[in-house]
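> Handing you a structure now.
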Amino acid sequence: MEYPGNLFVVSAPSGAGKSSLVKALLELDSQVFRSISHTTRSPRGQEKHGREYYFASRDDFERMIASNAFVEWANVHGNLYGTSKKAIEERLAKGTDIVLEIDYQGALQIKQSFPHAVLIFILPPSWEELRSRLENRGEDASDVIEKRLTNAKEEMAQVHKFDFVIINELFERALFDLKAVVHSQRLRYSAQKRVRSEIFSSLDIPVTLENS
Ligand SMILES: Nc1nc2c(ncn2[C@@H]2O[C@H](COP(=O)(O)OP(=O)(O)O)[C@@H](O)[C@H]2O)c(=O)[nH]1
Ligand SMILES: Nc1ncnc2c1ncn2[C@@H]1O[C@H](COP(=O)(O)OP(=O)(O)O)[C@@H](O)[C@H]1O
């Protein structure tokens, strides 16, 4: 099913800066919303249920899997994470753009269900920088950091399956690149047709079906 809204997926190894970049994007662009995932991970730092995540027990999460409530879900770093159908379908149907901040497994599942989804991978500038960001963030125990750094090797090996790759060295530059990807998608003819059809019809521009 085609939706009038654009669907962006942002993936990155833990510590690369995806949450910071998506947060900054949402502050600049009122037309983009972030999908709130469910997770069995316990809250970190100042995280609040219903804001960063819907924190769920393992039983509740598995009940949601059994009732087919997720459009995608995955086991990441030993915790379960998933995007509920409810979280995205309502927003997309309204024509707003939505960002999913999910791992590469979820990204590939989304691309299967929503071929027009735009997959964006955020890379750190180096291994040393990735480690130091995780350590300076100060939100994960050292064994968790080691596990996430080990998983980062497999995650970054998937980068070629993504539509765009942004290197998050200087934050402002990476944010500029992320904004450019979002805005370029809005300028695609098919996206324009869905959002500005009244202008196309008033200018008598023929809209061919294959772009619908
Ligand atoms: N597949 C999937 N991955 C998710 C979802 N929500 C978060 N993740 C990913 O799970 C991983 C761990 O997220 P988190 O525990 O918040 O740690 P962070 O990566 O250090 O911010 C990250 O790669 C997230 O992108 C989701 O709904 N589905
Ligand atoms: N370009 C950057 N330069 C330096 N530090 C950064 C940059 N981007 C993010 N950070 C910091 O790195 C840490 C990890 O960022 P975060 O957004 O939590 O990553 P992720 O969501 O990918 O795990 C945070 O402390 C954040 O403030």
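Residues are named by chain letter and number: chains run A, B, ... in the order of the structure tokens, numbers start at 1 in each chain, and ligands are numbered from 1 in the order shown.
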Set the cut-off to 9 Å, count only C-alpha atoms and all ligand atoms, and list whatever residues fall near ligand 1 as a PDB file with N, CA, C and O atoms, in the first residue's frame.


```pdb
ATOM      1  N   VAL A  10      16.545   5.389  10.060  1.00  0.00           N
ATOM      2  CA  VAL A  10      17.920   5.770  10.417  1.00  0.00           C
ATOM      3  C   VAL A  10      18.510   4.661  11.284  1.00  0.00           C
ATOM      4  O   VAL A  10      17.965   4.343  12.346  1.00  0.00           O
ATOM      5  N   SER A  11      19.584   4.062  10.768  1.00  0.00           N
ATOM      6  CA  SER A  11      20.258   2.995  11.521  1.00  0.00           C
ATOM      7  C   SER A  11      21.710   3.387  11.760  1.00  0.00           C
ATOM      8  O   SER A  11      22.265   4.186  10.999  1.00  0.00           O
ATOM      9  N   ALA A  12      22.294   2.820  12.791  1.00  0.00           N
ATOM     10  CA  ALA A  12      23.702   3.106  13.083  1.00  0.00           C
ATOM     11  C   ALA A  12      24.135   2.198  14.222  1.00  0.00           C
ATOM     12  O   ALA A  12      23.307   1.778  15.028  1.00  0.00           O
ATOM     13  N   PRO A  13      25.428   1.932  14.338  1.00  0.00           N
ATOM     14  CA  PRO A  13      25.892   1.222  15.525  1.00  0.00           C
ATOM     15  C   PRO A  13      25.663   2.090  16.767  1.00  0.00           C
ATOM     16  O   PRO A  13      25.615   3.321  16.676  1.00  0.00           O
ATOM     17  N   SER A  14      25.504   1.453  17.892  1.00  0.00           N
ATOM     18  CA  SER A  14      25.306   2.169  19.148  1.00  0.00           C
ATOM     19  C   SER A  14      26.452   3.156  19.352  1.00  0.00           C
ATOM     20  O   SER A  14      27.627   2.795  19.200  1.00  0.00           O
ATOM     21  N   GLY A  15      26.077   4.415  19.645  1.00  0.00           N
ATOM     22  CA  GLY A  15      27.103   5.426  19.910  1.00  0.00           C
ATOM     23  C   GLY A  15      27.458   6.269  18.712  1.00  0.00           C
ATOM     24  O   GLY A  15      28.198   7.251  18.835  1.00  0.00           O
ATOM     25  N   ALA A  16      26.925   5.922  17.525  1.00  0.00           N
ATOM     26  CA  ALA A  16      27.319   6.670  16.313  1.00  0.00           C
ATOM     27  C   ALA A  16      26.681   8.055  16.279  1.00  0.00           C
ATOM     28  O   ALA A  16      27.181   8.956  15.595  1.00  0.00           O
ATOM     29  N   GLY A  17      25.558   8.216  16.995  1.00  0.00           N
ATOM     30  CA  GLY A  17      24.940   9.544  17.067  1.00  0.00           C
ATOM     31  C   GLY A  17      23.556   9.637  16.454  1.00  0.00           C
ATOM     32  O   GLY A  17      23.032  10.725  16.232  1.00  0.00           O
ATOM     33  N   LYS A  18      22.908   8.467  16.204  1.00  0.00           N
ATOM     34  CA  LYS A  18      21.608   8.521  15.489  1.00  0.00           C
ATOM     35  C   LYS A  18      20.542   9.237  16.329  1.00  0.00           C
ATOM     36  O   LYS A  18      19.811  10.076  15.823  1.00  0.00           O
ATOM     37  N   SER A  19      20.463   8.926  17.632  1.00  0.00           N
ATOM     38  CA  SER A  19      19.407   9.566  18.449  1.00  0.00           C
ATOM     39  C   SER A  19      19.601  11.081  18.490  1.00  0.00           C
ATOM     40  O   SER A  19      18.658  11.847  18.371  1.00  0.00           O
ATOM     41  N   SER A  35       8.934   7.675  15.136  1.00  0.00           N
ATOM     42  CA  SER A  35       8.120   6.552  15.597  1.00  0.00           C
ATOM     43  C   SER A  35       8.665   6.062  16.939  1.00  0.00           C
ATOM     44  O   SER A  35       9.879   5.920  17.108  1.00  0.00           O
ATOM     45  N   ILE A  36       7.783   5.857  17.913  1.00  0.00           N
ATOM     46  CA  ILE A  36       8.229   5.396  19.243  1.00  0.00           C
ATOM     47  C   ILE A  36       8.139   3.873  19.279  1.00  0.00           C
ATOM     48  O   ILE A  36       7.063   3.298  19.073  1.00  0.00           O
ATOM     49  N   SER A  37       9.286   3.257  19.499  1.00  0.00           N
ATOM     50  CA  SER A  37       9.358   1.794  19.485  1.00  0.00           C
ATOM     51  C   SER A  37       8.989   1.194  20.828  1.00  0.00           C
ATOM     52  O   SER A  37       9.011   1.891  21.855  1.00  0.00           O
ATOM     53  N   HIS A  38       8.695  -0.102  20.806  1.00  0.00           N
ATOM     54  CA  HIS A  38       8.577  -0.882  22.048  1.00  0.00           C
ATOM     55  C   HIS A  38       9.917  -1.569  22.285  1.00  0.00           C
ATOM     56  O   HIS A  38      10.598  -1.942  21.331  1.00  0.00           O
ATOM     57  N   THR A  39      10.304  -1.724  23.556  1.00  0.00           N
ATOM     58  CA  THR A  39      11.519  -2.480  23.851  1.00  0.00           C
ATOM     59  C   THR A  39      11.413  -3.166  25.202  1.00  0.00           C
ATOM     60  O   THR A  39      10.683  -2.706  26.091  1.00  0.00           O
ATOM     61  N   ARG A  41      14.277  -3.559  26.774  1.00  0.00           N
ATOM     62  CA  ARG A  41      15.442  -3.001  27.491  1.00  0.00           C
ATOM     63  C   ARG A  41      14.899  -2.126  28.616  1.00  0.00           C
ATOM     64  O   ARG A  41      13.876  -1.482  28.483  1.00  0.00           O
ATOM     65  N   SER A  42      15.671  -2.061  29.748  1.00  0.00           N
ATOM     66  CA  SER A  42      15.256  -1.164  30.849  1.00  0.00           C
ATOM     67  C   SER A  42      15.615   0.269  30.475  1.00  0.00           C
ATOM     68  O   SER A  42      16.568   0.500  29.728  1.00  0.00           O
ATOM     69  N   PRO A  43      14.850   1.247  31.007  1.00  0.00           N
ATOM     70  CA  PRO A  43      15.137   2.661  30.708  1.00  0.00           C
ATOM     71  C   PRO A  43      16.558   3.043  31.128  1.00  0.00           C
ATOM     72  O   PRO A  43      17.078   2.535  32.113  1.00  0.00           O
ATOM     73  N   ARG A  44      17.179   3.926  30.335  1.00  0.00           N
ATOM     74  CA  ARG A  44      18.535   4.444  30.621  1.00  0.00           C
ATOM     75  C   ARG A  44      18.433   5.900  31.024  1.00  0.00           C
ATOM     76  O   ARG A  44      17.586   6.616  30.500  1.00  0.00           O
ATOM     77  N   GLU A  52      10.978   8.183  24.789  1.00  0.00           N
ATOM     78  CA  GLU A  52      12.018   7.529  23.963  1.00  0.00           C
ATOM     79  C   GLU A  52      11.531   6.163  23.470  1.00  0.00           C
ATOM     80  O   GLU A  52      11.761   5.744  22.358  1.00  0.00           O
ATOM     81  N   TYR A  53      10.865   5.445  24.407  1.00  0.00           N
ATOM     82  CA  TYR A  53      10.377   4.089  24.092  1.00  0.00           C
ATOM     83  C   TYR A  53       9.080   3.820  24.852  1.00  0.00           C
ATOM     84  O   TYR A  53       8.817   4.457  25.873  1.00  0.00           O
ATOM     85  N   PHE A  70       3.420  -5.933  15.377  1.00  0.00           N
ATOM     86  CA  PHE A  70       4.605  -5.191  14.902  1.00  0.00           C
ATOM     87  C   PHE A  70       4.696  -5.216  13.382  1.00  0.00           C
ATOM     88  O   PHE A  70       4.458  -6.255  12.769  1.00  0.00           O
ATOM     89  N   GLU A  72       7.694  -4.500  12.262  1.00  0.00           N
ATOM     90  CA  GLU A  72       9.015  -5.138  12.297  1.00  0.00           C
ATOM     91  C   GLU A  72       9.444  -5.262  13.754  1.00  0.00           C
ATOM     92  O   GLU A  72       9.018  -4.477  14.610  1.00  0.00           O
ATOM     93  N   TRP A  73      10.283  -6.230  14.052  1.00  0.00           N
ATOM     94  CA  TRP A  73      10.888  -6.337  15.391  1.00  0.00           C
ATOM     95  C   TRP A  73      12.177  -7.123  15.252  1.00  0.00           C
ATOM     96  O   TRP A  73      12.389  -7.822  14.239  1.00  0.00           O
ATOM     97  N   ALA A  74      13.051  -6.966  16.262  1.00  0.00           N
ATOM     98  CA  ALA A  74      14.336  -7.686  16.196  1.00  0.00           C
ATOM     99  C   ALA A  74      14.912  -7.840  17.603  1.00  0.00           C
ATOM    100  O   ALA A  74      14.546  -7.095  18.522  1.00  0.00           O
ATOM    101  N   ASN A  75      15.810  -8.782  17.737  1.00  0.00           N
ATOM    102  CA  ASN A  75      16.583  -8.950  18.973  1.00  0.00           C
ATOM    103  C   ASN A  75      17.894  -8.199  18.746  1.00  0.00           C
ATOM    104  O   ASN A  75      18.662  -8.555  17.848  1.00  0.00           O
ATOM    105  N   VAL A  76      18.117  -7.129  19.503  1.00  0.00           N
ATOM    106  CA  VAL A  76      19.322  -6.313  19.299  1.00  0.00           C
ATOM    107  C   VAL A  76      20.055  -6.199  20.638  1.00  0.00           C
ATOM    108  O   VAL A  76      19.458  -5.807  21.641  1.00  0.00           O
ATOM    109  N   HIS A  77      21.313  -6.601  20.647  1.00  0.00           N
ATOM    110  CA  HIS A  77      22.145  -6.581  21.862  1.00  0.00           C
ATOM    111  C   HIS A  77      21.473  -7.334  23.010  1.00  0.00           C
ATOM    112  O   HIS A  77      21.603  -6.984  24.176  1.00  0.00           O
ATOM    113  N   ASN A  79      18.280  -7.512  23.705  1.00  0.00           N
ATOM    114  CA  ASN A  79      16.935  -7.012  24.070  1.00  0.00           C
ATOM    115  C   ASN A  79      16.041  -7.045  22.836  1.00  0.00           C
ATOM    116  O   ASN A  79      16.528  -7.033  21.707  1.00  0.00           O
ATOM    117  N   LEU A  80      14.705  -7.063  23.050  1.00  0.00           N
ATOM    118  CA  LEU A  80      13.765  -7.054  21.921  1.00  0.00           C
ATOM    119  C   LEU A  80      13.341  -5.606  21.662  1.00  0.00           C
ATOM    120  O   LEU A  80      13.139  -4.830  22.599  1.00  0.00           O
ATOM    121  N   TYR A  81      13.258  -5.261  20.390  1.00  0.00           N
ATOM    122  CA  TYR A  81      12.820  -3.919  19.965  1.00  0.00           C
ATOM    123  C   TYR A  81      11.846  -4.109  18.816  1.00  0.00           C
ATOM    124  O   TYR A  81      12.038  -4.999  17.981  1.00  0.00           O
ATOM    125  N   GLY A  82      10.794  -3.286  18.750  1.00  0.00           N
ATOM    126  CA  GLY A  82       9.851  -3.426  17.632  1.00  0.00           C
ATOM    127  C   GLY A  82       9.077  -2.154  17.351  1.00  0.00           C
ATOM    128  O   GLY A  82       8.876  -1.326  18.239  1.00  0.00           O
ATOM    129  N   THR A  83       8.665  -1.998  16.091  1.00  0.00           N
ATOM    130  CA  THR A  83       7.851  -0.858  15.658  1.00  0.00           C
ATOM    131  C   THR A  83       6.418  -1.349  15.481  1.00  0.00           C
ATOM    132  O   THR A  83       6.172  -2.243  14.654  1.00  0.00           O
ATOM    133  N   SER A  84       5.497  -0.789  16.288  1.00  0.00           N
ATOM    134  CA  SER A  84       4.109  -1.265  16.166  1.00  0.00           C
ATOM    135  C   SER A  84       3.477  -0.681  14.904  1.00  0.00           C
ATOM    136  O   SER A  84       3.830   0.428  14.476  1.00  0.00           O
ATOM    137  N   LEU A 100      12.017   6.242  11.521  1.00  0.00           N
ATOM    138  CA  LEU A 100      12.181   5.076  12.387  1.00  0.00           C
ATOM    139  C   LEU A 100      13.658   4.975  12.729  1.00  0.00           C
ATOM    140  O   LEU A 100      14.491   4.872  11.824  1.00  0.00           O
ATOM    141  N   GLU A 101      13.956   4.991  14.020  1.00  0.00           N
ATOM    142  CA  GLU A 101      15.355   4.862  14.448  1.00  0.00           C
ATOM    143  C   GLU A 101      15.498   3.406  14.900  1.00  0.00           C
ATOM    144  O   GLU A 101      15.177   3.063  16.033  1.00  0.00           O
ATOM    145  N   ILE A 102      15.891   2.536  13.966  1.00  0.00           N
ATOM    146  CA  ILE A 102      15.869   1.098  14.244  1.00  0.00           C
ATOM    147  C   ILE A 102      17.140   0.442  13.712  1.00  0.00           C
ATOM    148  O   ILE A 102      17.921   1.060  12.992  1.00  0.00           O
ATOM    149  N   ASP A 103      17.380  -0.805  14.064  1.00  0.00           N
ATOM    150  CA  ASP A 103      18.630  -1.458  13.641  1.00  0.00           C
ATOM    151  C   ASP A 103      18.505  -1.954  12.208  1.00  0.00           C
ATOM    152  O   ASP A 103      17.446  -1.907  11.590  1.00  0.00           O
ATOM    153  N   TYR A 104      19.607  -2.469  11.679  1.00  0.00           N
ATOM    154  CA  TYR A 104      19.634  -2.845  10.246  1.00  0.00           C
ATOM    155  C   TYR A 104      18.662  -3.977   9.947  1.00  0.00           C
ATOM    156  O   TYR A 104      18.072  -4.043   8.870  1.00  0.00           O
ATOM    157  N   GLN A 105      18.429  -4.861  10.940  1.00  0.00           N
ATOM    158  CA  GLN A 105      17.467  -5.968  10.684  1.00  0.00           C
ATOM    159  C   GLN A 105      16.072  -5.416  10.452  1.00  0.00           C
ATOM    160  O   GLN A 105      15.363  -5.797   9.526  1.00  0.00           O
ATOM    161  N   GLY A 106      15.710  -4.439  11.285  1.00  0.00           N
ATOM    162  CA  GLY A 106      14.392  -3.800  11.134  1.00  0.00           C
ATOM    163  C   GLY A 106      14.318  -2.999   9.849  1.00  0.00           C
ATOM    164  O   GLY A 106      13.291  -3.005   9.152  1.00  0.00           O
ATOM    165  N   ALA A 107      15.432  -2.338   9.523  1.00  0.00           N
ATOM    166  CA  ALA A 107      15.455  -1.511   8.299  1.00  0.00           C
ATOM    167  C   ALA A 107      15.155  -2.357   7.069  1.00  0.00           C
ATOM    168  O   ALA A 107      14.361  -1.974   6.199  1.00  0.00           O
ATOM    169  N   GLN A 109      13.560  -5.208   6.992  1.00  0.00           N
ATOM    170  CA  GLN A 109      12.159  -5.667   7.028  1.00  0.00           C
ATOM    171  C   GLN A 109      11.236  -4.548   6.538  1.00  0.00           C
ATOM    172  O   GLN A 109      10.302  -4.764   5.771  1.00  0.00           O
ATOM    173  N   LEU A 134      30.640   6.259  23.271  1.00  0.00           N
ATOM    174  CA  LEU A 134      29.856   5.368  24.156  1.00  0.00           C
ATOM    175  C   LEU A 134      30.298   5.556  25.606  1.00  0.00           C
ATOM    176  O   LEU A 134      29.474   5.652  26.515  1.00  0.00           O
ATOM    177  N   GLU A 139      26.113   6.020  29.752  1.00  0.00           N
ATOM    178  CA  GLU A 139      24.784   5.427  30.033  1.00  0.00           C
ATOM    179  C   GLU A 139      24.806   3.905  30.008  1.00  0.00           C
ATOM    180  O   GLU A 139      23.792   3.259  30.263  1.00  0.00           O
ATOM    181  N   ASP A 140      25.971   3.325  29.639  1.00  0.00           N
ATOM    182  CA  ASP A 140      26.016   1.858  29.543  1.00  0.00           C
ATOM    183  C   ASP A 140      27.181   1.322  30.368  1.00  0.00           C
ATOM    184  O   ASP A 140      28.267   1.901  30.383  1.00  0.00           O
ATOM    185  N   ILE A 145      28.947  -1.868  26.747  1.00  0.00           N
ATOM    186  CA  ILE A 145      29.701  -1.134  25.717  1.00  0.00           C
ATOM    187  C   ILE A 145      30.492  -2.109  24.855  1.00  0.00           C
ATOM    188  O   ILE A 145      30.458  -2.052  23.623  1.00  0.00           O
ATOM    189  N   ARG A 148      28.206  -3.921  22.506  1.00  0.00           N
ATOM    190  CA  ARG A 148      27.716  -3.065  21.415  1.00  0.00           C
ATOM    191  C   ARG A 148      28.804  -2.793  20.386  1.00  0.00           C
ATOM    192  O   ARG A 148      28.538  -2.733  19.192  1.00  0.00           O
ATOM    193  N   GLU A 155      26.981  -4.818  12.226  1.00  0.00           N
ATOM    194  CA  GLU A 155      26.022  -3.774  11.783  1.00  0.00           C
ATOM    195  C   GLU A 155      26.622  -2.966  10.637  1.00  0.00           C
ATOM    196  O   GLU A 155      25.973  -2.728   9.613  1.00  0.00           O
TER     197      GLU A 155
END
```

> Within segment 91-181 of chain A, find each residue whose DSSP state, derived from the backbone, is strand (DSSP E), and express the selection as a list in words.

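Written out, the strand (DSSP E) residues of segment 91-181 of chain A are Asp97, Ile98, Val99, Leu100, Glu101, Val118, Leu119, Ile120, Phe121, Ile122, Leu123, Phe164, Val165, Ile166 and Ile167 of chain A.
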
> I need the chosen residues saved as a compact mmCIF listing (two decimals), in the first residue's frame, with all heavy atoms.


```
# COMPACT_ATOMS: atom_id res chain seq x y z
N ASP A 97 5.65 12.92 7.44
CA ASP A 97 6.85 12.10 7.27
C ASP A 97 7.22 11.50 8.62
O ASP A 97 7.03 12.15 9.66
CB ASP A 97 8.03 12.95 6.76
CG ASP A 97 7.77 13.46 5.35
OD1 ASP A 97 6.84 12.94 4.70
OD2 ASP A 97 8.47 14.37 4.91
N ILE A 98 7.74 10.30 8.60
CA ILE A 98 8.04 9.63 9.87
C ILE A 98 9.44 9.01 9.81
O ILE A 98 9.87 8.53 8.76
CB ILE A 98 6.95 8.57 10.18
CG1 ILE A 98 7.11 8.01 11.58
CG2 ILE A 98 6.90 7.48 9.17
CD1 ILE A 98 5.85 7.33 12.08
N VAL A 99 10.16 9.13 10.93
CA VAL A 99 11.51 8.55 11.02
C VAL A 99 11.49 7.37 11.98
O VAL A 99 11.00 7.49 13.10
CB VAL A 99 12.51 9.59 11.58
CG1 VAL A 99 13.89 8.95 11.75
CG2 VAL A 99 12.62 10.79 10.67
N LEU A 100 12.02 6.24 11.52
CA LEU A 100 12.18 5.08 12.39
C LEU A 100 13.66 4.98 12.73
O LEU A 100 14.49 4.87 11.82
CB LEU A 100 11.75 3.80 11.66
CG LEU A 100 10.28 3.41 11.68
CD1 LEU A 100 9.40 4.49 11.09
CD2 LEU A 100 10.07 2.09 10.93
N GLU A 101 13.96 4.99 14.02
CA GLU A 101 15.35 4.86 14.45
C GLU A 101 15.50 3.41 14.90
O GLU A 101 15.18 3.06 16.03
CB GLU A 101 15.53 5.81 15.63
CG GLU A 101 16.84 6.42 15.84
CD GLU A 101 16.82 7.20 17.13
OE1 GLU A 101 16.13 8.23 17.20
OE2 GLU A 101 17.47 6.73 18.08
N VAL A 118 13.10 5.18 2.78
CA VAL A 118 14.46 5.64 2.50
C VAL A 118 15.35 5.21 3.67
O VAL A 118 15.12 5.61 4.81
CB VAL A 118 14.49 7.18 2.34
CG1 VAL A 118 15.91 7.69 2.15
CG2 VAL A 118 13.61 7.59 1.17
N LEU A 119 16.33 4.36 3.39
CA LEU A 119 17.19 3.81 4.45
C LEU A 119 18.48 4.63 4.55
O LEU A 119 19.21 4.78 3.57
CB LEU A 119 17.55 2.35 4.16
CG LEU A 119 16.39 1.36 3.90
CD1 LEU A 119 16.94 -0.07 3.91
CD2 LEU A 119 15.27 1.52 4.92
N ILE A 120 18.74 5.15 5.76
CA ILE A 120 19.91 6.03 5.99
C ILE A 120 20.77 5.40 7.08
O ILE A 120 20.27 5.03 8.15
CB ILE A 120 19.44 7.43 6.46
CG1 ILE A 120 18.47 8.05 5.43
CG2 ILE A 120 20.63 8.35 6.72
CD1 ILE A 120 17.63 9.20 5.99
N PHE A 121 22.08 5.25 6.79
CA PHE A 121 22.99 4.66 7.77
C PHE A 121 23.95 5.73 8.28
O PHE A 121 24.55 6.45 7.47
CB PHE A 121 23.78 3.50 7.14
CG PHE A 121 24.35 2.54 8.15
CD1 PHE A 121 23.62 1.43 8.55
CD2 PHE A 121 25.59 2.77 8.73
CE1 PHE A 121 24.13 0.54 9.49
CE2 PHE A 121 26.10 1.90 9.68
CZ PHE A 121 25.36 0.78 10.07
N ILE A 122 24.06 5.83 9.60
CA ILE A 122 24.99 6.82 10.18
C ILE A 122 26.26 6.09 10.61
O ILE A 122 26.19 5.09 11.36
CB ILE A 122 24.38 7.48 11.45
CG1 ILE A 122 22.96 8.01 11.17
CG2 ILE A 122 25.29 8.59 11.98
CD1 ILE A 122 22.86 9.25 10.32
N LEU A 123 27.41 6.55 10.13
CA LEU A 123 28.69 5.94 10.50
C LEU A 123 29.47 6.86 11.44
O LEU A 123 29.43 8.08 11.28
CB LEU A 123 29.55 5.72 9.25
CG LEU A 123 29.25 4.52 8.36
CD1 LEU A 123 30.17 4.55 7.13
CD2 LEU A 123 29.41 3.23 9.13
N PHE A 164 21.38 5.76 1.75
CA PHE A 164 22.28 6.89 2.03
C PHE A 164 23.18 6.54 3.21
O PHE A 164 22.76 5.83 4.13
CB PHE A 164 21.47 8.16 2.38
CG PHE A 164 20.67 8.71 1.24
CD1 PHE A 164 19.36 8.30 1.04
CD2 PHE A 164 21.23 9.63 0.35
CE1 PHE A 164 18.61 8.80 -0.04
CE2 PHE A 164 20.49 10.13 -0.71
CZ PHE A 164 19.18 9.71 -0.91
N VAL A 165 24.41 7.05 3.18
CA VAL A 165 25.34 6.86 4.30
C VAL A 165 25.85 8.23 4.72
O VAL A 165 26.31 9.01 3.89
CB VAL A 165 26.55 5.98 3.89
CG1 VAL A 165 27.45 5.74 5.09
CG2 VAL A 165 26.06 4.65 3.33
N ILE A 166 25.70 8.54 6.01
CA ILE A 166 26.17 9.84 6.53
C ILE A 166 27.24 9.58 7.58
O ILE A 166 27.04 8.76 8.49
CB ILE A 166 24.99 10.61 7.17
CG1 ILE A 166 23.96 10.99 6.10
CG2 ILE A 166 25.49 11.85 7.90
CD1 ILE A 166 22.70 11.63 6.64
N ILE A 167 28.40 10.21 7.42
CA ILE A 167 29.47 10.05 8.41
C ILE A 167 29.31 11.15 9.46
O ILE A 167 29.34 12.34 9.12
CB ILE A 167 30.86 10.12 7.74
CG1 ILE A 167 31.00 8.94 6.78
CG2 ILE A 167 31.97 10.10 8.81
CD1 ILE A 167 32.26 8.92 5.96
```

> Hey, which of A:Asn6, A:Thr96, A:Gln185, A:Thr40 ends up closest to Phe55 of chain A? Count only C-alpha atoms.

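Closest candidate: A:Thr40.
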
> Rounded to one decimal place, report the atom CA of Leu149 of chain A-atom CA of Ile110 of chain A distance in Å.

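Atom-to-atom, atom CA of Leu149 of chain A to atom CA of Ile110 of chain A, that is 24.5 Å.
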
> Given the choices A:Ser30, A:Ser197, A:Asn168, A:Ser126, which gets closest to Ala152 of chain A if the distance is worked out from only C-alpha atoms?

A:Ser126

> Go through A:Phe171, A:Phe162, A:Phe200, A:Phe176 one by one, measure the shortest atom-to-atom distance of each to ligand 2 using only C-alpha atoms and all ligand atoms, and give the residue with the smallest value.

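With only C-alpha atoms and all ligand atoms as the atom set, the closest residue is A:Phe171.
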
> Give the answer as one residue: which of A:Val144, A:Ala87, A:Val9, A:Leu21 has the shortest atom-to-atom distance to ligand 2, using only C-alpha atoms and all ligand atoms?

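Among the listed residues, the smallest separation from ligand 2 belongs to A:Leu21.
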
> If you run DSSP on the backbone, which residues of segment 20-178 of chain A are alpha helix (DSSP H), as a PyMOL selection string?

chain A and resi 20-28+58-66+85-93+104-113+127-137+142-156+171-178

> For the selection you just gave me, I'd like the residues written to a file as a short mmCIF file (atom, residue, chain, number, x, y, z; two decimals), in the first residue's frame, keeping C-alpha atoms.


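File produced: selection_23.cif:
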```
data_model
loop_
_atom_site.label_atom_id
_atom_site.label_comp_id
_atom_site.auth_asym_id
_atom_site.auth_seq_id
_atom_site.Cartn_x
_atom_site.Cartn_y
_atom_site.Cartn_z
CA SER A 20 21.14 12.96 18.72
CA LEU A 21 20.81 13.57 14.97
CA VAL A 22 17.14 12.52 14.79
CA LYS A 23 16.34 14.66 17.85
CA ALA A 24 18.02 17.68 16.24
CA LEU A 25 16.20 17.02 12.93
CA LEU A 26 12.80 16.94 14.68
CA GLU A 27 13.58 20.26 16.40
CA LEU A 28 14.19 21.84 12.97
CA ARG A 58 9.27 -9.70 27.77
CA ASP A 59 5.83 -11.38 28.14
CA ASP A 60 3.96 -8.33 26.86
CA PHE A 61 6.40 -7.96 23.96
CA GLU A 62 5.99 -11.61 23.00
CA ARG A 63 2.19 -11.22 23.22
CA MET A 64 2.47 -8.34 20.73
CA ILE A 65 4.57 -10.52 18.42
CA ALA A 66 1.95 -13.30 18.64
CA LYS A 85 1.85 -0.97 13.13
CA LYS A 86 -0.17 1.58 15.12
CA ALA A 87 2.91 3.78 15.57
CA ILE A 88 3.38 4.36 11.86
CA GLU A 89 0.27 3.65 9.79
CA GLU A 90 -1.87 6.46 11.28
CA ARG A 91 0.86 9.04 10.74
CA LEU A 92 1.74 7.91 7.21
CA ALA A 93 -1.93 7.91 6.19
CA TYR A 104 19.63 -2.85 10.25
CA GLN A 105 17.47 -5.97 10.68
CA GLY A 106 14.39 -3.80 11.13
CA ALA A 107 15.46 -1.51 8.30
CA LEU A 108 15.57 -4.40 5.83
CA GLN A 109 12.16 -5.67 7.03
CA ILE A 110 10.69 -2.17 6.54
CA LYS A 111 12.11 -1.95 3.01
CA GLN A 112 10.31 -5.23 2.20
CA SER A 113 6.94 -3.91 3.41
CA TRP A 127 36.44 2.95 15.98
CA GLU A 128 38.25 5.05 18.59
CA GLU A 129 35.64 7.80 18.31
CA LEU A 130 32.79 5.26 18.54
CA ARG A 131 34.23 3.80 21.73
CA SER A 132 34.90 7.22 23.27
CA ARG A 133 31.36 8.43 22.48
CA LEU A 134 29.86 5.37 24.16
CA GLU A 135 32.12 5.81 27.18
CA ASN A 136 31.54 9.58 27.41
CA ARG A 137 27.78 9.12 27.06
CA SER A 142 31.43 -1.46 30.35
CA ASP A 143 30.28 -4.99 29.46
CA VAL A 144 27.32 -3.48 27.54
CA ILE A 145 29.70 -1.13 25.72
CA GLU A 146 31.97 -4.06 24.73
CA LYS A 147 28.96 -6.05 23.47
CA ARG A 148 27.72 -3.06 21.41
CA LEU A 149 31.17 -2.49 19.92
CA THR A 150 31.39 -6.17 18.94
CA ASN A 151 27.94 -5.98 17.33
CA ALA A 152 28.94 -2.77 15.54
CA LYS A 153 31.25 -4.78 13.26
CA GLU A 154 28.30 -6.84 11.92
CA GLU A 155 26.02 -3.77 11.78
CA MET A 156 28.49 -1.70 9.75
CA PHE A 171 27.63 17.00 14.20
CA GLU A 172 26.39 20.10 12.33
CA ARG A 173 27.63 18.69 9.02
CA ALA A 174 25.94 15.32 9.61
CA LEU A 175 22.71 17.14 10.56
CA PHE A 176 22.91 19.19 7.35
CA ASP A 177 23.32 15.94 5.36
CA LEU A 178 20.36 14.30 7.15
#
```

> Atom CA of Ser184 of chain A and atom CA of Asp163 of chain A, how far apart in Å?

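If I compute the distance from atom CA of Asp163 of chain A to atom CA of Ser184 of chain A, I get 12.6 Å.
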